[in-house]
Structure formats: C-alpha cells, structure tokens
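Okay, structure first, notes after.
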Amino acid sequence: MKMYPKLPEAFVSRMEGQLGNELPAFLRALEEEPVRGIRLNTLKKTEETEKYRAGTKIPWADEAYELSGKDEAGSTILHEAGAFYLQEPGAMLPAAVLDAKPGEKVLDLCAAPGGKSTQIGIAMRGEGLLICNEPVQKRAKILSGNIERIGLPNTIVTCAWPDLLAAKWGEGFDAVLADAPCSGEGMFRRVPESRTEWSAEQARGCAQRQREILNAAAKLVRPGGRLVYSTCTYNPEENEENAAWFLHEHPDFEAEAFCVGGINAPKGWFTCYPHRMRTEGQFAARFRKKGDQTAELPEDRTLPKPGREETAVLSKTFPTFPKATHKIGNMLVHMDECPDVKGIRVLRAGMHLGEVRGKIAVPDHAAAMSIRPPEVQTLDTDAEIACRYMAGETISAEAQDWLLIRYKGLILGWGKGSEGTIRNHYPKGLRNGRLIP
C-alpha cells in the first residue's frame, strides 16, 4: 500500500461531523488504491475494445467499465484514435444526470479537460449543438484536443468567463452542466499531493466562486430546461448548502429527483463517497427551470464565409467533404448551427475541414478523426506500421493522393501517396514513438 500525505486535521474533523461512525471506513478507503475507469466511444467501434468489457460495469454510464490499475490503455493506439476516454467512475455521474439527447442545445460551462463533454457529445451522437467552454486558455487547448480525438463534429470549444456567455446567449440551452472548480477533496486519493494544498479558507472561497458560476448558469437555461451542478468534493458548503442557496436565490428553478444506474437521489442531489461505492468523491445536483420554451440562440453573422474559389478547390480535392460553411483564420469549417460568437474566443467550431493554399487543399486532422469521417481511399495497417505512422514515419505503399490511414477499423489520420511512399500528415504535436497496440 502506498504512503499518502497526512490528511488535514480540519478536514478529518469536519468529515467526522458529516459521517459519524462511518468515518473510520471512509479514512481507510482514502488510503486504498484509487478506482480507474474507461468509457468506450460507441461512435467509433472496433473489436479491439472488447477486452475492456471484462472489467466491472459502471452502471450509471454507457459502455463504461472499471480498469485495472496496471492497464496501459492510455499509451495505446486505440486511445489516440479516440476509441475510448479514461475517466474516474464518479466523474461519469454528472453527464449521466444531465441526460443530453441528440438534437438538443447543450452547454458544458467549465469543461476542461473534456471527460464530461465527450460523454455528453457521444450521448448526442453528433446531432444538435454542444458548446464546451473553459475560461482558462491553457486548459481550453487540452479540451479542444480531446474533442478532436473523440471526433465530435457538432461541437464548439470556447474560452470565456461564464457571465460573458450568459450576457451573450441568454436562455439559449436545453441543458447546462456547471462542473465548477472546487476544493478538490474528492481527489485526495487519486492525487494525494492535493491534501497538502487544502485549507478551510480555500474551500470557502471556492463556495463563493461556485455561486457566481451558478448565477451565470441559471441565465443560460431555457424555461423547461435543466441545469446540473457538480463538484469533486465532499464539502457541504460547496455541495448541499450551495444547492439549497441556489434554489432560494432562483425560485424559477426547482430540484429534480433522479435515478441513474442504481443511484437514487430523491432530493435532487447525491454525493459519492469511496467507502460506500467504487468511486472517488463526486457531487451532482439537478435543477429544472419552470416554464416551457424552445431553446433559441442568435445566429452568428460575424464569422467570414469561405470564398468561392477556395470552396471549389476544397470540393474538387475532397468531393465527399461536407460543405464549408464558415472560415476561422485560414481554416475552412462545417457547422450545421453556429450561435453568435462575436467577442468570444473560439478554439474549435464544428468540423475543421482543412486549408486551401493557392490551388492546393490540405485536409485537417479533425476531418479524419470525426465520428463521420469522409469517404476517401483508406490504407489498412498492422500494429507495427500503425505505431510507425503515429511516430511520424513515412510508410512504403502504393497509393496516390490523399488517403486515410486505418488500424483495426479506426482512422488514425491523413497520408499522401506518391511513387510508392505515403507521406506522413499525422500532426507533429501528437506524434509519439512509445505507443503500443
């Protein structure tokens, strides 16, 4: 058993008041190995993921299973190809409670690194509009990368403070997830060093910031829509007390009971404790806004449209690509729906198709990774060649022009064939020479 840093005395004292005679079991659980989970991407199917179904099923999430602590799933080709997302089981609860549906307008307000966003996006099956927002720019880039890897084409990644989005979009969403920054007590087992960073004062500061986020989130939900508030802490001040505060301050909302995967929350909120269930710490609350109104967002009229010539070059080179509808920088993109984003930093919008450089079209990696990749020629590879490709090497094969490199049914990225050689177009920032099949 690993030796963990000592738990803060103030934390232990408070937990004794919360749990009473359950405290010893709780403290023992915090010294055990954390529980790992894997959530399969049902929109990118391959027989290679069947082995993960041997793990214990996580009942509140679709195609989710416990993962052995020794498993190297995160270092595999399958992971980089978007076949699954590694996520702690409890962290899968908020998106399950949100229960997003295909065709809805959904906002993940504090979304990085993207676990909950990808879970929501897979549930939506790439239909409707999913906006994933992260106020911190560095974290927003990580979020954007995970959205690309999983292959969600109906997603916009933004970097803005919640109150700006509330002022911009109003009651435009069917569902909003506010997974707010918190004191992180639920990470004490998985990230032991977080124990040394905790303080009661910090937790109180988090509770206040969470109320500001909840105020903004309330403005973004349409009448009849739902809001899920979640944290990864055990602290009642950040959890139950904030939920009660929200209902007092927002009488147009009411708590809504939920039952998912055997988790029953008649009051409308639930806390995961590691001695009661095989998770880390997680809290989720669901609220319903009174009334009934269609979710509507103002259409964007600020993003430039692609020029006629560059559109023609792209469609001539890749006739099966969806039509380019907008342009972000030099990138041609396809979006079925785009709300007004003037004044909002956008990192990713819809499906990034590619760039046109003079008379040449260069496809983007996101077009290859999409859950609906374009119908172009493909090259099937074995494990050895796939590893070499993802390390950035060229491939010897007879093919002409642009093609998709495929391994075990999963698209890995683009290559361009000429004279018996496939030039590697896997993004340099993603190349990894240590991946395993």
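Order determines the names: the first chain of the structure tokens is A, the second B, and so forth; residues in each chain are numbered 1 upward, and ligands are numbered 1 upward as they are shown.
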
Please identify all polymer residues within 8 Å of segment 419-434 of chain A, counting only C-alpha atoms, omitting same-chain residues fewer than 6 positions from it, and present them as a tab-separated table (two decimals) with N, CA and C atoms, in the first residue's frame.
```tsv
chain	number	residue	atom	x	y	z
A	75	SER	N	-1.68	4.52	-23.19
A	75	SER	CA	-0.48	4.54	-24.04
A	75	SER	C	-0.69	3.78	-25.34
A	365	HIS	N	-6.66	17.33	-39.54
A	365	HIS	CA	-6.72	16.08	-38.77
A	365	HIS	C	-8.12	15.82	-38.21
A	387	CYS	N	2.04	1.98	-35.44
A	387	CYS	CA	2.92	2.62	-34.46
A	387	CYS	C	3.94	3.53	-35.16
A	388	ARG	N	4.47	3.06	-36.27
A	388	ARG	CA	5.44	3.87	-37.01
A	388	ARG	C	4.78	5.13	-37.56
A	389	TYR	N	3.56	4.99	-38.07
A	389	TYR	CA	2.83	6.15	-38.59
A	389	TYR	C	2.61	7.19	-37.49
A	390	MET	N	2.19	6.74	-36.31
A	390	MET	CA	1.88	7.68	-35.23
A	390	MET	C	3.13	8.25	-34.58
A	391	ALA	N	4.27	7.68	-34.92
A	391	ALA	CA	5.55	8.26	-34.50
A	391	ALA	C	6.06	9.28	-35.52
A	392	GLY	N	5.36	9.39	-36.66
A	392	GLY	CA	5.73	10.38	-37.66
A	392	GLY	C	6.50	9.85	-38.85
A	393	GLU	N	6.66	8.55	-38.96
A	393	GLU	CA	7.45	7.99	-40.05
A	393	GLU	C	6.63	7.89	-41.35
A	394	THR	N	7.34	7.83	-42.49
A	394	THR	CA	6.68	7.59	-43.76
A	394	THR	C	6.36	6.10	-43.88
A	395	ILE	N	5.46	5.76	-44.78
A	395	ILE	CA	5.03	4.39	-44.99
A	395	ILE	C	5.29	4.01	-46.44
A	396	SER	N	5.80	2.84	-46.66
A	396	SER	CA	6.00	2.34	-48.02
A	396	SER	C	4.75	1.60	-48.47
A	397	ALA	N	4.08	2.14	-49.48
A	397	ALA	CA	2.87	1.53	-50.01
A	397	ALA	C	2.51	2.20	-51.32
A	398	GLU	N	1.85	1.47	-52.18
A	398	GLU	CA	1.41	2.02	-53.46
A	398	GLU	C	0.06	2.69	-53.29
A	399	ALA	N	0.06	4.00	-53.40
A	399	ALA	CA	-1.18	4.77	-53.33
A	399	ALA	C	-0.91	6.15	-53.91
A	400	GLN	N	-1.96	6.80	-54.36
A	400	GLN	CA	-1.85	8.13	-54.94
A	400	GLN	C	-2.75	9.09	-54.19
A	412	LEU	N	-6.70	6.75	-38.16
A	412	LEU	CA	-5.61	7.36	-37.39
A	412	LEU	C	-5.28	8.77	-37.88
A	413	GLY	N	-5.40	9.02	-39.18
A	413	GLY	CA	-5.05	10.34	-39.70
A	413	GLY	C	-4.81	10.27	-41.19
```

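Counting only C-alpha atoms, Cys159 of chain A has the following residues at most 7 Å away, ignoring those fewer than 6 positions along the same chain: A:Asn133, A:Glu134, A:Pro135, A:Val136, A:Gln137, A:Ala140, A:Arg345, A:Val346.
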
Could you dump the residues just selected with N, CA and C atoms as an mmCIF file, in the first residue's frame?
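Written output follows (result-v1.cif):
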```cif
data_model
loop_
_atom_site.group_PDB
_atom_site.id
_atom_site.type_symbol
_atom_site.label_atom_id
_atom_site.label_comp_id
_atom_site.auth_asym_id
_atom_site.auth_seq_id
_atom_site.Cartn_x
_atom_site.Cartn_y
_atom_site.Cartn_z
ATOM 1 N N ASN A 133 -17.073 25.014 -22.939
ATOM 2 C CA ASN A 133 -16.388 26.243 -22.568
ATOM 3 C C ASN A 133 -15.406 26.005 -21.432
ATOM 4 N N GLU A 134 -14.261 26.630 -21.534
ATOM 5 C CA GLU A 134 -13.260 26.597 -20.468
ATOM 6 C C GLU A 134 -12.627 27.981 -20.365
ATOM 7 N N PRO A 135 -12.784 28.667 -19.212
ATOM 8 C CA PRO A 135 -12.271 30.038 -19.088
ATOM 9 C C PRO A 135 -10.746 30.156 -19.142
ATOM 10 N N VAL A 136 -10.018 29.111 -18.744
ATOM 11 C CA VAL A 136 -8.552 29.169 -18.701
ATOM 12 C C VAL A 136 -7.994 28.693 -20.040
ATOM 13 N N GLN A 137 -7.256 29.564 -20.726
ATOM 14 C CA GLN A 137 -6.850 29.292 -22.091
ATOM 15 C C GLN A 137 -6.018 28.015 -22.232
ATOM 16 N N ALA A 140 -8.235 25.159 -21.989
ATOM 17 C CA ALA A 140 -9.144 25.112 -23.137
ATOM 18 C C ALA A 140 -8.491 24.411 -24.325
ATOM 19 N N ARG A 345 -13.728 34.079 -27.559
ATOM 20 C CA ARG A 345 -12.615 33.334 -28.135
ATOM 21 C C ARG A 345 -13.068 31.924 -28.489
ATOM 22 N N VAL A 346 -12.919 31.557 -29.763
ATOM 23 C CA VAL A 346 -13.329 30.240 -30.256
ATOM 24 C C VAL A 346 -12.080 29.453 -30.647
#
```

Report the closest atom pair, with its distance in Å rounded to one decimal, for each residue of segment 143-187 of chain A that has an atom no farther than 12 Å from segment 81-104 of chain A; count only C-alpha atoms, sort by chain and then rising residue number, and write it as a tab-separated table.
```
residue	atom	partner	partner_atom	distance
A:Gly145	CA	A:Gly82	CA	10.7
A:Asn146	CA	A:Gly82	CA	8.4
A:Ile147	CA	A:Gly82	CA	9.3
A:Glu148	CA	A:Gly82	CA	8.5
A:Arg149	CA	A:Gly82	CA	5.0
A:Ile150	CA	A:Gly82	CA	4.5
A:Gly151	CA	A:Gly82	CA	7.1
A:Leu152	CA	A:Gly82	CA	10.2
A:Asn154	CA	A:Gly103	CA	9.9
A:Thr155	CA	A:Glu104	CA	11.9
A:Gly172	CA	A:Glu104	CA	10.5
A:Phe173	CA	A:Glu104	CA	7.8
A:Asp174	CA	A:Glu104	CA	6.2
A:Ala175	CA	A:Leu98	CA	7.0
A:Val176	CA	A:Leu98	CA	7.8
A:Leu177	CA	A:Leu98	CA	7.0
A:Ala178	CA	A:Pro94	CA	9.2
A:Asp179	CA	A:Pro94	CA	7.9
A:Ala180	CA	A:Pro94	CA	11.3
A:Gly186	CA	A:Gly90	CA	9.5
A:Met187	CA	A:Glu88	CA	10.2
```

Give me, as a PyMOL selection string, the residues of segment 167-366 of chain A that a backbone DSSP run labels helix (DSSP H, G or I). chain A and resi 167-169+185-187+192-197+200-220+240-249+308-317+365-366

Residues flagged strand (DSSP E or B) by DSSP in segment 163-329 of chain A, as number ranges by chain: A: 173-179, 221-231, 253-255, 258-260, 263-265, 269-272, 282-289, 299, 326-328

Go ahead and write the selection's residues with N, CA and C atoms as a compact mmCIF listing (two decimals), in the first residue's frame.
```txt
# COMPACT_ATOMS: atom_id res chain seq x y z
N PHE A 173 -30.24 27.41 -24.01
CA PHE A 173 -29.84 26.00 -23.96
C PHE A 173 -30.89 25.12 -23.30
N ASP A 174 -31.02 23.91 -23.85
CA ASP A 174 -31.89 22.91 -23.24
C ASP A 174 -31.30 22.37 -21.95
N ALA A 175 -29.96 22.28 -21.92
CA ALA A 175 -29.29 21.71 -20.75
C ALA A 175 -27.93 22.37 -20.57
N VAL A 176 -27.59 22.64 -19.31
CA VAL A 176 -26.30 23.25 -18.96
C VAL A 176 -25.68 22.43 -17.84
N LEU A 177 -24.41 22.11 -18.01
CA LEU A 177 -23.63 21.46 -16.95
C LEU A 177 -22.65 22.48 -16.39
N ALA A 178 -22.70 22.69 -15.07
CA ALA A 178 -21.75 23.56 -14.38
C ALA A 178 -20.93 22.70 -13.43
N ASP A 179 -19.85 22.13 -13.95
CA ASP A 179 -18.94 21.32 -13.14
C ASP A 179 -17.88 22.29 -12.60
N VAL A 221 -30.16 28.72 -19.13
CA VAL A 221 -31.09 27.60 -19.28
C VAL A 221 -32.46 28.12 -19.73
N ARG A 222 -33.01 27.52 -20.76
CA ARG A 222 -34.35 27.90 -21.21
C ARG A 222 -35.40 27.46 -20.19
N PRO A 223 -36.55 28.14 -20.13
CA PRO A 223 -37.66 27.63 -19.31
C PRO A 223 -38.03 26.22 -19.74
N GLY A 224 -38.07 25.32 -18.80
CA GLY A 224 -38.31 23.91 -19.08
C GLY A 224 -37.03 23.11 -19.21
N GLY A 225 -35.89 23.81 -19.29
CA GLY A 225 -34.60 23.15 -19.41
C GLY A 225 -34.04 22.74 -18.07
N ARG A 226 -32.86 22.14 -18.10
CA ARG A 226 -32.28 21.60 -16.87
C ARG A 226 -30.85 22.06 -16.69
N LEU A 227 -30.47 22.14 -15.44
CA LEU A 227 -29.13 22.54 -15.03
C LEU A 227 -28.59 21.50 -14.07
N VAL A 228 -27.39 21.01 -14.35
CA VAL A 228 -26.72 20.09 -13.43
C VAL A 228 -25.50 20.81 -12.88
N TYR A 229 -25.41 20.82 -11.56
CA TYR A 229 -24.28 21.42 -10.84
C TYR A 229 -23.49 20.29 -10.21
N SER A 230 -22.17 20.31 -10.39
CA SER A 230 -21.36 19.22 -9.83
C SER A 230 -20.02 19.73 -9.34
N THR A 231 -19.44 18.99 -8.40
CA THR A 231 -18.10 19.25 -7.88
C THR A 231 -17.44 17.90 -7.61
N PHE A 253 -36.36 27.97 -10.45
CA PHE A 253 -35.85 26.60 -10.57
C PHE A 253 -36.39 25.75 -9.43
N GLU A 254 -36.46 24.44 -9.67
CA GLU A 254 -36.78 23.50 -8.61
C GLU A 254 -35.86 22.29 -8.71
N ALA A 255 -35.55 21.70 -7.57
CA ALA A 255 -34.74 20.48 -7.58
C ALA A 255 -35.52 19.36 -8.24
N PHE A 258 -33.56 12.31 -9.35
CA PHE A 258 -33.05 11.48 -10.45
C PHE A 258 -32.65 10.11 -9.91
N CYS A 259 -32.65 9.16 -10.83
CA CYS A 259 -32.21 7.80 -10.52
C CYS A 259 -31.48 7.27 -11.74
N VAL A 260 -30.16 7.09 -11.61
CA VAL A 260 -29.36 6.60 -12.72
C VAL A 260 -28.44 5.48 -12.24
N ILE A 263 -28.17 4.70 -8.61
CA ILE A 263 -28.01 5.86 -7.74
C ILE A 263 -29.35 6.58 -7.66
N ASN A 264 -29.90 6.63 -6.46
CA ASN A 264 -31.23 7.22 -6.26
C ASN A 264 -31.09 8.52 -5.49
N ALA A 265 -31.57 9.62 -6.06
CA ALA A 265 -31.44 10.94 -5.44
C ALA A 265 -32.81 11.60 -5.37
N TRP A 269 -30.10 15.67 -5.40
CA TRP A 269 -28.64 15.70 -5.38
C TRP A 269 -28.08 14.49 -4.65
N PHE A 270 -26.80 14.20 -4.96
CA PHE A 270 -26.19 12.97 -4.47
C PHE A 270 -24.68 13.17 -4.35
N THR A 271 -24.08 12.59 -3.29
CA THR A 271 -22.64 12.63 -3.11
C THR A 271 -22.08 11.22 -3.11
N CYS A 272 -21.03 11.01 -3.91
CA CYS A 272 -20.33 9.72 -3.95
C CYS A 272 -19.24 9.72 -2.88
N GLN A 282 -17.51 12.74 -5.55
CA GLN A 282 -18.24 13.45 -6.61
C GLN A 282 -19.61 13.84 -6.09
N PHE A 283 -20.03 15.06 -6.44
CA PHE A 283 -21.36 15.55 -6.07
C PHE A 283 -22.07 15.98 -7.34
N ALA A 284 -23.37 15.70 -7.44
CA ALA A 284 -24.16 16.15 -8.59
C ALA A 284 -25.55 16.53 -8.12
N ALA A 285 -26.06 17.65 -8.63
CA ALA A 285 -27.41 18.12 -8.33
C ALA A 285 -28.09 18.50 -9.64
N ARG A 286 -29.38 18.19 -9.74
CA ARG A 286 -30.12 18.55 -10.96
C ARG A 286 -31.28 19.48 -10.62
N PHE A 287 -31.38 20.54 -11.41
CA PHE A 287 -32.45 21.53 -11.25
C PHE A 287 -33.20 21.67 -12.57
N ARG A 288 -34.50 21.94 -12.46
CA ARG A 288 -35.34 22.16 -13.64
C ARG A 288 -35.89 23.58 -13.59
N LYS A 289 -35.76 24.30 -14.71
CA LYS A 289 -36.28 25.67 -14.77
C LYS A 289 -37.78 25.62 -15.10
N GLU A 299 -28.15 33.70 -34.33
CA GLU A 299 -27.24 33.18 -35.35
C GLU A 299 -26.04 34.09 -35.53
N HIS A 326 -18.17 28.14 -42.88
CA HIS A 326 -17.54 29.28 -42.22
C HIS A 326 -16.03 29.17 -42.37
N LYS A 327 -15.36 30.23 -41.97
CA LYS A 327 -13.90 30.25 -42.01
C LYS A 327 -13.39 30.87 -40.72
N ILE A 328 -12.49 30.16 -40.05
CA ILE A 328 -11.86 30.65 -38.82
C ILE A 328 -10.37 30.74 -39.10
```

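Checking A:Val313, A:Tyr65, A:Ala200, A:Val157 one by one against Ser13 of chain A, counting only C-alpha atoms, you find the shortest gap at A:Ala200.
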
Nearest-residue call for Pro298 of chain A, choices A:Cys206, A:Ala383, A:Cys338, A:Leu164, using only C-alpha atoms: A:Cys338
